[in-house]
Structure formats: structure tokens, C-alpha cells
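What follows is the content of data-v8.cif (mmCIF, C-alpha atoms).
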data_input
#
loop_
_atom_site.label_atom_id
_atom_site.label_comp_id
_atom_site.auth_asym_id
_atom_site.auth_seq_id
_atom_site.Cartn_x
_atom_site.Cartn_y
_atom_site.Cartn_z
CA MET U 42 2.99 -3.97 14.72
CA LYS U 43 5.48 -6.60 15.89
CA ILE U 44 8.57 -5.42 17.75
CA GLY U 45 11.55 -7.76 17.83
CA LEU U 46 13.63 -7.46 21.00
CA LEU U 47 17.11 -8.82 21.60
CA SER U 48 19.74 -8.03 24.20
CA ASP U 49 23.07 -9.08 25.70
CA ILE U 50 24.79 -10.61 22.69
CA HIS U 51 28.27 -10.51 24.24
CA GLU U 52 29.97 -11.21 20.89
CA ASP U 53 28.08 -14.49 20.29
CA VAL U 54 27.71 -14.12 16.53
CA ILE U 55 26.25 -17.61 16.04
CA SER U 56 23.36 -17.00 18.43
CA LEU U 57 22.85 -13.47 17.08
CA GLN U 58 22.41 -14.76 13.54
CA LYS U 59 19.85 -17.31 14.79
CA ALA U 60 18.01 -14.56 16.66
CA LEU U 61 17.87 -12.24 13.67
CA ASP U 62 16.71 -15.04 11.35
CA ILE U 63 13.75 -15.72 13.68
CA LEU U 64 12.80 -12.06 14.08
CA ILE U 65 13.00 -11.40 10.36
CA ARG U 66 10.96 -14.53 9.63
CA LYS U 67 8.30 -13.26 12.05
CA SER U 68 8.20 -9.94 10.14
CA CYS U 69 9.26 -7.86 13.15
CA ALA U 70 9.66 -4.16 12.48
CA PRO U 71 11.38 -2.56 14.21
CA ILE U 72 14.02 -4.90 15.55
CA VAL U 73 15.49 -3.47 18.75
CA CYS U 74 18.86 -4.20 20.34
CA LEU U 75 18.89 -3.35 24.05
CA GLY U 76 22.67 -3.29 24.42
CA ASP U 77 25.74 -5.30 25.35
CA ILE U 78 26.72 -6.24 21.84
CA THR U 79 30.22 -6.62 23.26
CA GLY U 80 31.60 -7.92 26.55
CA PHE U 81 33.17 -11.37 26.64
CA SER U 82 34.83 -13.17 29.53
CA ASN U 83 35.86 -16.73 30.36
CA PRO U 84 34.55 -19.04 31.70
CA TYR U 85 31.08 -17.47 31.84
CA TYR U 86 30.58 -17.66 28.05
CA PRO U 87 31.40 -20.98 26.34
CA PHE U 88 31.93 -19.70 22.78
CA GLY U 89 35.43 -18.25 22.94
CA ASP U 90 36.50 -19.91 19.69
CA THR U 91 33.65 -18.32 17.67
CA ARG U 92 33.15 -14.95 19.35
CA ASP U 93 33.33 -12.03 16.93
CA ALA U 94 32.55 -8.51 18.14
CA ASN U 95 32.98 -6.85 14.74
CA ALA U 96 30.68 -9.33 13.01
CA CYS U 97 28.06 -8.82 15.75
CA ILE U 98 28.18 -5.04 15.40
CA ASP U 99 27.94 -5.33 11.61
CA LEU U 100 24.85 -7.56 11.90
CA ILE U 101 23.22 -5.18 14.38
CA ARG U 102 23.90 -2.19 12.16
CA GLN U 103 22.42 -3.97 9.16
CA ASN U 104 19.29 -5.35 10.83
CA CYS U 105 18.28 -3.29 13.87
CA GLN U 106 16.38 -0.03 13.66
CA VAL U 107 16.87 0.88 17.34
CA VAL U 108 20.19 0.14 19.06
CA LEU U 109 21.12 1.09 22.62
CA SER U 110 24.30 1.00 24.64
CA GLY U 111 24.84 -1.42 27.51
CA ASN U 112 27.43 -1.25 30.26
CA HIS U 113 29.85 -3.53 28.40
CA ASP U 114 29.52 -1.46 25.21
CA LEU U 115 30.40 1.66 27.17
CA TYR U 116 33.46 -0.03 28.62
CA THR U 117 34.57 -1.33 25.21
CA ALA U 118 34.16 2.14 23.70
CA GLY U 119 35.93 3.86 26.62
CA LYS U 120 32.89 6.02 27.35
CA LEU U 121 31.36 6.94 30.71
CA THR U 122 27.63 6.56 31.23
CA GLY U 123 25.55 9.72 31.26
CA PHE U 124 23.49 8.23 34.12
CA ARG U 125 26.02 8.10 36.94
CA SER U 126 23.72 7.63 39.96
CA GLY U 127 25.84 9.91 42.12
CA ILE U 128 29.13 8.18 41.18
CA GLU U 129 32.01 10.61 40.65
CA TYR U 130 34.36 9.22 38.01
CA PRO U 131 37.86 10.75 37.69
CA ALA U 132 38.40 12.46 34.33
CA ASP U 133 41.19 9.98 33.52
CA TRP U 134 39.16 6.93 34.55
CA PHE U 135 39.94 4.70 31.58
CA SER U 136 43.67 5.38 31.68
CA ARG U 137 44.00 4.34 35.34
CA LYS U 138 45.30 0.93 36.35
CA ILE U 139 42.79 -1.65 37.54
CA CYS U 140 44.17 -1.53 41.09
CA GLU U 141 43.50 2.22 41.25
CA ARG U 142 39.99 1.83 39.90
CA THR U 143 39.31 -0.97 42.37
CA GLY U 144 40.46 1.22 45.25
CA LEU U 145 38.29 4.13 44.14
CA LEU U 146 35.00 2.56 43.04
CA GLY U 147 35.42 -1.22 43.06
CA ASP U 148 32.58 -1.80 45.51
CA LYS U 149 30.13 0.38 43.55
CA ILE U 150 30.54 -0.31 39.83
CA TRP U 151 31.53 -3.11 37.48
CA LEU U 152 35.24 -3.00 36.65
CA TYR U 153 35.35 -5.79 34.02
CA GLU U 154 38.56 -7.28 35.40
CA LYS U 155 38.12 -10.53 33.44
CA GLU U 156 36.88 -8.94 30.23
CA ILE U 157 38.76 -9.82 27.04
CA MET U 158 38.80 -6.63 24.99
CA PRO U 159 37.80 -7.13 21.34
CA GLU U 160 39.90 -5.74 18.50
CA LEU U 161 37.29 -3.49 16.95
CA THR U 162 37.60 -1.53 13.74
CA ASP U 163 37.72 2.22 14.25
CA GLU U 164 34.32 2.48 12.56
CA ASN U 165 32.71 0.00 14.93
CA ARG U 166 34.30 1.58 18.00
CA ASP U 167 32.93 4.97 16.93
CA TYR U 168 29.55 3.33 16.38
CA LEU U 169 29.47 2.01 19.96
CA LYS U 170 30.55 5.40 21.27
CA ALA U 171 27.65 7.13 19.53
CA LEU U 172 24.89 4.81 20.79
CA PRO U 173 22.22 6.34 23.08
CA GLU U 174 21.50 4.84 26.50
CA TYR U 175 17.72 4.83 26.14
CA HIS U 176 15.04 5.38 23.52
CA ILE U 177 11.32 6.09 23.62
CA LEU U 178 9.58 4.24 20.82
CA ASN U 179 6.35 5.85 19.62
CA THR U 180 4.28 3.19 17.87
CA ASP U 181 1.57 3.47 15.25
CA ASP U 182 -0.84 2.19 17.93
CA GLY U 183 -0.26 5.29 20.07
CA LEU U 184 2.05 3.63 22.59
CA ASN U 185 5.15 5.13 24.13
CA ILE U 186 7.61 2.36 25.04
CA LEU U 187 10.75 3.01 27.07
CA LEU U 188 13.67 0.94 25.82
CA SER U 189 16.91 0.68 27.81
CA HIS U 190 19.61 -1.73 28.83
CA PHE U 191 18.62 -1.56 32.50
CA ILE U 192 16.47 0.49 34.88
CA TYR U 193 16.64 4.18 35.75
CA PRO U 194 18.75 5.74 37.20
CA ASP U 195 21.23 3.00 36.29
CA ILE U 196 20.08 2.98 32.66
CA SER U 197 23.26 1.36 31.34
CA GLY U 198 23.63 -1.24 34.10
CA SER U 199 27.00 0.08 35.30
CA LEU U 200 26.36 -0.32 39.03
CA ARG U 201 26.97 -3.43 41.12
CA LYS U 202 23.74 -2.73 43.04
CA ARG U 203 21.44 -5.74 43.38
CA ILE U 204 17.79 -5.48 42.39
CA ASP U 205 15.84 -7.47 44.96
CA ASP U 206 12.21 -6.29 45.05
CA ILE U 207 9.65 -3.91 43.62
CA CYS U 208 10.95 -0.98 45.69
CA ASP U 209 14.09 -0.97 43.53
CA TYR U 210 11.95 -0.10 40.51
CA ARG U 211 10.31 3.05 41.92
CA SER U 212 12.68 5.48 40.22
CA HIS U 213 12.26 3.64 36.94
CA PHE U 214 8.46 3.85 37.12
CA SER U 215 8.77 7.58 37.88
CA PHE U 216 11.01 7.95 34.81
CA MET U 217 8.40 6.13 32.73
CA LEU U 218 5.70 8.46 34.03
CA GLN U 219 7.77 11.56 33.31
CA ASN U 220 8.17 10.40 29.72
CA ASN U 221 4.53 9.30 29.34
CA CYS U 222 5.52 5.68 28.68
CA ASN U 223 3.05 2.81 28.85
CA LEU U 224 5.60 -0.01 28.94
CA SER U 225 9.31 -0.54 29.42
CA PHE U 226 11.64 -3.26 28.12
CA ALA U 227 15.21 -3.91 29.24
CA GLY U 228 17.89 -6.58 29.19
CA HIS U 229 21.01 -6.85 31.40
CA MET U 230 19.62 -9.43 33.84
CA HIS U 231 19.80 -12.43 31.46
CA LYS U 232 16.35 -13.71 32.43
CA GLU U 233 15.50 -17.31 31.60
CA GLY U 234 12.31 -16.23 29.90
CA PHE U 235 11.08 -12.86 31.12
CA GLU U 236 10.15 -10.87 34.21
CA ILE U 237 7.14 -8.59 34.60
CA VAL U 238 7.23 -5.88 37.26
CA ASN U 239 4.30 -3.56 38.01
CA LYS U 240 2.57 -2.04 41.03
CA THR U 241 1.24 -5.43 42.11
CA GLY U 242 4.70 -7.00 42.33
CA CYS U 243 7.29 -9.02 40.36
CA ARG U 244 6.74 -12.28 38.56
CA GLU U 245 9.03 -14.51 36.50
CA TYR U 246 7.94 -16.49 33.44
CA GLY U 247 9.67 -19.01 31.20
CA PHE U 248 9.89 -19.02 27.42
CA GLU U 249 6.20 -18.66 26.63
CA LYS U 250 3.45 -16.32 25.49
CA ARG U 251 1.70 -13.89 27.81
CA ILE U 252 -0.76 -11.01 27.34
CA LEU U 253 0.62 -7.88 29.02
CA LYS U 254 -1.33 -5.23 30.88
CA ARG U 255 -1.96 -2.14 28.82
CA THR U 256 0.06 0.20 30.99
CA GLY U 257 2.53 0.48 33.84
CA SER U 258 4.70 -2.62 33.37
CA PHE U 259 8.43 -3.19 33.16
CA ILE U 260 9.59 -6.31 31.31
CA GLY U 261 13.06 -7.81 31.77
CA LEU U 262 14.26 -10.01 28.90
CA PRO U 263 16.71 -12.88 28.25
CA SER U 264 20.17 -12.72 26.70
CA VAL U 265 21.02 -13.77 23.17
CA ALA U 266 24.42 -15.02 24.32
CA ARG U 267 24.86 -18.61 25.42
CA SER U 268 25.83 -18.67 29.08
CA ARG U 269 24.85 -20.34 32.34
CA ASN U 270 21.31 -19.06 31.77
CA ARG U 271 19.07 -20.24 28.96
CA ASN U 272 19.14 -17.69 26.14
CA GLY U 273 16.42 -16.23 23.95
CA ILE U 274 14.68 -13.30 22.29
CA ALA U 275 11.25 -11.65 22.44
CA VAL U 276 8.48 -10.49 20.13
CA PHE U 277 5.88 -7.97 21.30
CA ASP U 278 2.66 -7.44 19.32
CA THR U 279 1.42 -3.89 19.99
CA GLU U 280 -2.08 -4.72 18.75
CA SER U 281 -2.81 -7.84 20.81
CA PHE U 282 -0.33 -6.96 23.62
CA GLU U 283 1.03 -10.48 23.41
CA LEU U 284 4.64 -10.95 24.45
CA GLU U 285 6.36 -14.10 23.23
CA THR U 286 9.80 -15.13 24.42
CA ILE U 287 11.56 -17.67 22.22
CA ARG U 288 14.31 -19.99 23.38
CA LEU U 289 17.50 -20.03 21.35
CA LYS U 290 19.34 -23.35 21.24
#
Do you think you could lay out the structure here as C-alpha cells?
Amino acid sequence: MKIGLLSDIHEDVISLQKALDILIRKSCAPIVCLGDITGFSNPYYPFGDTRDANACIDLIRQNCQVVLSGNHDLYTAGKLTGFRSGIEYPADWFSRKICERTGLLGDKIWLYEKEIMPELTDENRDYLKALPEYHILNTDDGLNILLSHFIYPDISGSLRKRIDDICDYRSHFSFMLQNNCNLSFAGHMHKEGFEIVNKTGCREYGFEKRILKRTGSFIGLPSVARSRNRNGIAVFDTESFELETIRLK
């Protein structure tokens, strides 16, 4: 079974189409989107003239069997995360002015001050609103794989908190254990290749192939969107345990 993994599209429809073409050509099933279909800001993303949030959502709906919400998707949909990490959001959070939100929680969460809101169809906005924040994929090989945009308890990636070392992953590994998961994949960090985190530590890899350990690993993946970081996608073979990250150009 080959699982196609993509994340952090940020309305880059050109790169998304390239990514899907590769994953379909490699006979990936399922194809998984780990969130942040939306979320565009200048000057971080250099494709302002071709960005298309509606087209990206349509492609994801047509081609992905598992789709999760990222922090930017939640913001676009006007929905609060269900994993609030002790943050108390006012009931009228989305109707408050940016200066009020900054004064309340600006040092704790992302406020998306430079975000350019897309003009979504009602159907696509409702679609974003209905997306889950994590999914446990049960494979034909007997694996349980935790899929999310980021790590527990900040599953959606809404917090400003930096992730600096293996200690920051303890809660996530506990969440994996509680759900009997062998592996975990997430996006959000826009890795230039991929990151593997397990009990022995953290290690970064480029766009290459690597055999994963059979249990107890978290894998952070690249973004589809073109940005300051090199972008890409991933394919995981559940039989051989080979992970391949592929550079998008």
C-alpha cells in the first residue's frame, strides 16, 4: 500500500496539480492532505498572480481520500480549533478587531495579520469548516497511522510556540500511544525534505528515500507551496516502510 502525503498548499494551485500528478502516477491510495489548503500572504509566497483557493479545494476534494484542517484553514473558515492547549478564546473572537485580538492573545497564537483572505464559494467554506483536525488511518498491513497538521496538543498548529527539541514531542508520543498508533505524519513546519523524531532524538533529511523504523516515529513533511523553503511531497510504502520525499520544482 502506497500512501501519498501532501501538506501546506497555501493556495498554490500550480504546485498542487504537479503534486497530485506525481502521486497519481505512483499509484498512491489513499492520497492524504495534512491541511493548510488556504492561507496566503505576501511576500512569503511568490505566486500571488496564480493563487486560487477555490481551485485548490476543488482539486483536494476530487483527489484526496483523507483531508485534515490546518491552522490557516480554520482561520479562513472562521472556526476555532478543538485543541486549544489551555487558550481561552472569547466567544466573539472572529468578530473582534485585530488590535483587540493582539492585546488578548497576540503573544500566544497566530493572528494572521498579513493574510489575504480568499473569496471562497459557500460550498468550499462549508467544506473547510467540516474538516477534522486529525485522523487515524488503519491500513491493510495492520498499521495505525496518526495523521495531523501538527503535533498534539496543538494539533492544528494554532500556537506560536516554538518546537526546539525532543521534549516538545512528549505529549504527541503519549497521544500516539493512547490511540495505538505506530507512526505519525504531519506538515506545518515546511521541512526541506523531512524530519524524523523518535525516542533516540530528532534528525533532518533532504529529498531522498529512507527506511523508517516500524514503530514510535513522528515524521514532519515539506510544503507543497513554493516559498522560501524548498517544496515537495511524500510517498510512504506500508509494506517496505520506505519513505520517499520528492522535490517539486
Neighbours of Ser189 (chain U) within 7 Å (only C-alpha atoms; same-chain residues fewer than 4 positions away dropped), as a list in words?
Leu75, Leu109, Glu174, Tyr175, His176, Ile196, Phe226 and Ala227 of chain U
I need the residue set behind the PyMOL selection byres ((chain U and resi 165) around 12) for this file; please write it as a short mmCIF file (atom, residue, chain, number, x, y, z; two decimals) with C-alpha atoms, in the frame of the given file.
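The new file part-v1.cif reads:
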data_model
loop_
_atom_site.label_atom_id
_atom_site.label_comp_id
_atom_site.auth_asym_id
_atom_site.auth_seq_id
_atom_site.Cartn_x
_atom_site.Cartn_y
_atom_site.Cartn_z
CA ILE U 78 26.72 -6.24 21.84
CA THR U 79 30.22 -6.62 23.26
CA ALA U 94 32.55 -8.51 18.14
CA ASN U 95 32.98 -6.85 14.74
CA ALA U 96 30.68 -9.33 13.01
CA CYS U 97 28.06 -8.82 15.75
CA ILE U 98 28.18 -5.04 15.40
CA ASP U 99 27.94 -5.33 11.61
CA LEU U 100 24.85 -7.56 11.90
CA ILE U 101 23.22 -5.18 14.38
CA ARG U 102 23.90 -2.19 12.16
CA ASP U 114 29.52 -1.46 25.21
CA THR U 117 34.57 -1.33 25.21
CA ALA U 118 34.16 2.14 23.70
CA PRO U 159 37.80 -7.13 21.34
CA GLU U 160 39.90 -5.74 18.50
CA LEU U 161 37.29 -3.49 16.95
CA THR U 162 37.60 -1.53 13.74
CA ASP U 163 37.72 2.22 14.25
CA GLU U 164 34.32 2.48 12.56
CA ARG U 166 34.30 1.58 18.00
CA ASP U 167 32.93 4.97 16.93
CA TYR U 168 29.55 3.33 16.38
CA LEU U 169 29.47 2.01 19.96
CA LYS U 170 30.55 5.40 21.27
CA ALA U 171 27.65 7.13 19.53
CA LEU U 172 24.89 4.81 20.79
#
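Each of U:Phe248, U:Tyr193, U:Phe235, U:Tyr210 was compared to Arg125 (chain U) using only C-alpha atoms, and U:Tyr193 turns out to be the nearest.
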Selection dump of the PyMOL selection byres ((chain U and resi 242-245) around 10), as a list of chain:residue names
U:Asp205, U:Asp206, U:Ile207, U:Cys208, U:Lys232, U:Glu233, U:Gly234, U:Phe235, U:Glu236, U:Ile237, U:Val238, U:Asn239, U:Lys240, U:Thr241, U:Tyr246, U:Gly247, U:Ser258, U:Phe259, U:Ile260, U:Gly261
How about saving the chosen residues, C-alpha atoms kept, as a PDB file, in the coordinates of the input?
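Below is the file that was written, part15.pdb:
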ATOM      1  CA  ASP U 205      15.840  -7.470  44.960  1.00  0.00           C
ATOM      2  CA  ASP U 206      12.210  -6.290  45.050  1.00  0.00           C
ATOM      3  CA  ILE U 207       9.650  -3.910  43.620  1.00  0.00           C
ATOM      4  CA  CYS U 208      10.950  -0.980  45.690  1.00  0.00           C
ATOM      5  CA  LYS U 232      16.350 -13.710  32.430  1.00  0.00           C
ATOM      6  CA  GLU U 233      15.500 -17.310  31.600  1.00  0.00           C
ATOM      7  CA  GLY U 234      12.310 -16.230  29.900  1.00  0.00           C
ATOM      8  CA  PHE U 235      11.080 -12.860  31.120  1.00  0.00           C
ATOM      9  CA  GLU U 236      10.150 -10.870  34.210  1.00  0.00           C
ATOM     10  CA  ILE U 237       7.140  -8.590  34.600  1.00  0.00           C
ATOM     11  CA  VAL U 238       7.230  -5.880  37.260  1.00  0.00           C
ATOM     12  CA  ASN U 239       4.300  -3.560  38.010  1.00  0.00           C
ATOM     13  CA  LYS U 240       2.570  -2.040  41.030  1.00  0.00           C
ATOM     14  CA  THR U 241       1.240  -5.430  42.110  1.00  0.00           C
ATOM     15  CA  TYR U 246       7.940 -16.490  33.440  1.00  0.00           C
ATOM     16  CA  GLY U 247       9.670 -19.010  31.200  1.00  0.00           C
ATOM     17  CA  SER U 258       4.700  -2.620  33.370  1.00  0.00           C
ATOM     18  CA  PHE U 259       8.430  -3.190  33.160  1.00  0.00           C
ATOM     19  CA  ILE U 260       9.590  -6.310  31.310  1.00  0.00           C
ATOM     20  CA  GLY U 261      13.060  -7.810  31.770  1.00  0.00           C
TER      21      GLY U 261
END
Which residues come within 9 Å of region 214-224 of chain U, counting all atoms listed in the file, excluding same-chain residues fewer than 6 positions away, as a ChimeraX atom specification?
/U:177-178,184-188,192-194,239,254-260
Residues returned when the PyMOL selection byres ((chain U and resi 121-124) around 10) runs on this file, as a compact mmCIF listing (two decimals) with C-alpha atoms, in the coordinates of the input:
# COMPACT_ATOMS: atom_id res chain seq x y z
CA SER U 110 24.30 1.00 24.64
CA GLY U 111 24.84 -1.42 27.51
CA ASN U 112 27.43 -1.25 30.26
CA LEU U 115 30.40 1.66 27.17
CA TYR U 116 33.46 -0.03 28.62
CA ALA U 118 34.16 2.14 23.70
CA GLY U 119 35.93 3.86 26.62
CA LYS U 120 32.89 6.02 27.35
CA ARG U 125 26.02 8.10 36.94
CA SER U 126 23.72 7.63 39.96
CA GLY U 127 25.84 9.91 42.12
CA ILE U 128 29.13 8.18 41.18
CA TYR U 130 34.36 9.22 38.01
CA ALA U 132 38.40 12.46 34.33
CA TRP U 134 39.16 6.93 34.55
CA PHE U 135 39.94 4.70 31.58
CA LYS U 170 30.55 5.40 21.27
CA PRO U 173 22.22 6.34 23.08
CA GLU U 174 21.50 4.84 26.50
CA TYR U 193 16.64 4.18 35.75
CA PRO U 194 18.75 5.74 37.20
CA ASP U 195 21.23 3.00 36.29
CA ILE U 196 20.08 2.98 32.66
CA SER U 197 23.26 1.36 31.34
CA GLY U 198 23.63 -1.24 34.10
CA SER U 199 27.00 0.08 35.30
